[in-house]
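Notes to accompany the following structure.
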Amino acid sequence: MKAAVLKSLGSPLVIENAPEPVLGTGEVIVDVIATRVLSYMNEVFSGERNYALELPIIPGPGGIGRVRAIGPDATKLSVGDWVFCDPTVRSRDDVVSPDIALQGLTAAGAGGMRLQQHFRHGSFAEQMRVPTENVKRLGTITPEDATRWCALGTLLVPYGGFLAANLQPGETVLVSGATGNFGSAAVSVALAMGAACVVAPGRNDEILADLVRRFGDRVKPVKLTGNEDDDRERMKRTAPGPIDCVLDIMPPSVSTNVVRAAIMTVRAYGRVVLMGGVGMAGGTGLELPYPWIMRNCISIHGVWMYPPDAAGRLIALVRAGLLRLEEYEATAFDLDHANEAVAHAAANGGPFKLTVIRP
């Protein structure tokens, strides 16, 4: 099969013939139709993000495809089914605290690296091998639809955060990082889950206005000034009532002051979800005040990705018309132009934009 292979950090992807994946028990082979390119994939390939990768690797976290072959443990899947391939691979011998690898992207800890040795190769290829439980049926779609369905991979991340926070219909949410790719997805997901209001802080007036244009007056934009205390009070005043839940999904480059200002808007007994990259590049810690957390009974959830059933539940939100994939503008490349796709994604990583490879 044709594949894009990363052979060394700092080098371009090599487009070449690679061995087809071999089916094993507990696995499914999928013909890849479309796969998204992360906006920061160039930073992964350069080594700047210091992701745990065993090279060489066929990169690509998840994708949309059709089932090519199934193992004996699959009872609902059929050859030809349209599916989403969930890249969050979990070890099967400890359901309480499984090791995790993101297939085609990175791994966490020694256990995750062991998983990556087997489920290493991702979706920048004509075929991929996926754990059976990671293959989620989409129902009937067209090959053209597959490009936009790649947005599931982005939407699932904040959805996992809101599931951890037990977000309830009618609640008020603040999304820290609302003007970014994952943050804008968080705004749409919160509204689809029934949030009465989403407070959307940011510095980009154009993007803030676009969020209101897309979703109406349930979105409350706040222009940040950079002054921590002032921004915190302005966010609280903009909300129509107490803020029940704060989701932070800021990138590594953002100052901890900005993150702390947003987090500390949450009401007493409120919930905070940390899903961003702040601190990963070094620098000062978040430094939330212990007395504030304790006396206000604040729940803080650290969340990486989402639970195993999240993809199926999110697909149901899309099918119900509550979450619109039509918000996304997609640019597609073929596999021969994978390096151009990576460059395009880095330059066009804004809200509701998708860069997709169609092998």
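Following the order of the structure tokens, chains are lettered A, B, ..., residues in each are numbered from 1, and ligands are numbered from 1.
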Please identify every residue of segment 105-201 of chain A that has at least one atom no farther than 6 Å from an atom of segment 342-353 of chain A, counting only C-alpha atoms, and for each give the shortest atom pair and the distance in Å to one decimal, arranged by chain then increasing number, as JSON lines.
{"residue": "A:Gly180", "atom": "CA", "partner": "A:Pro351", "partner_atom": "CA", "distance": 5.6}
{"residue": "A:Asn181", "atom": "CA", "partner": "A:Pro351", "partner_atom": "CA", "distance": 4.4}
{"residue": "A:Ser184", "atom": "CA", "partner": "A:Pro351", "partner_atom": "CA", "distance": 5.6}
Determine, counting only C-alpha atoms, which protein, DNA and RNA residues have an atom within 6 Å of an atom of segment 131-137 of chain A; residues of the same chain fewer than 4 positions away are not included. Present the result as a PyMOL selection string.
-> chain A and resi 26-28+83-86
Of A:Asp81, A:Lys220, A:Gly277, A:Arg260, the one sitting nearest Trp304 of chain A when using only C-alpha atoms is A:Gly277
Surrounding residues of Gly183 of chain A excluding itself and chain neighbours under 4 positions, 12 Å, only C-alpha atoms, as a VMD selection string = chain A and resid 154 to 159 161 174 to 179 187 to 190 198 to 202 207 to 208 211 246 to 251 275 to 276 349 to 352
Running DSSP on the backbone, which parts of segment 225-352 of chain A land in strand (DSSP E or B), as a PyMOL selection string?
-> chain A and resi 243-248+266-274+299-302+329-334
Between A:Val173, A:Leu23, A:Asn296, A:Arg203, single out the one closest to Pro240 of chain A, counting only C-alpha atoms.
->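 Between A:Val173, A:Leu23, A:Asn296, A:Arg203, the residue approaching Pro240 of chain A most closely is A:Val173.
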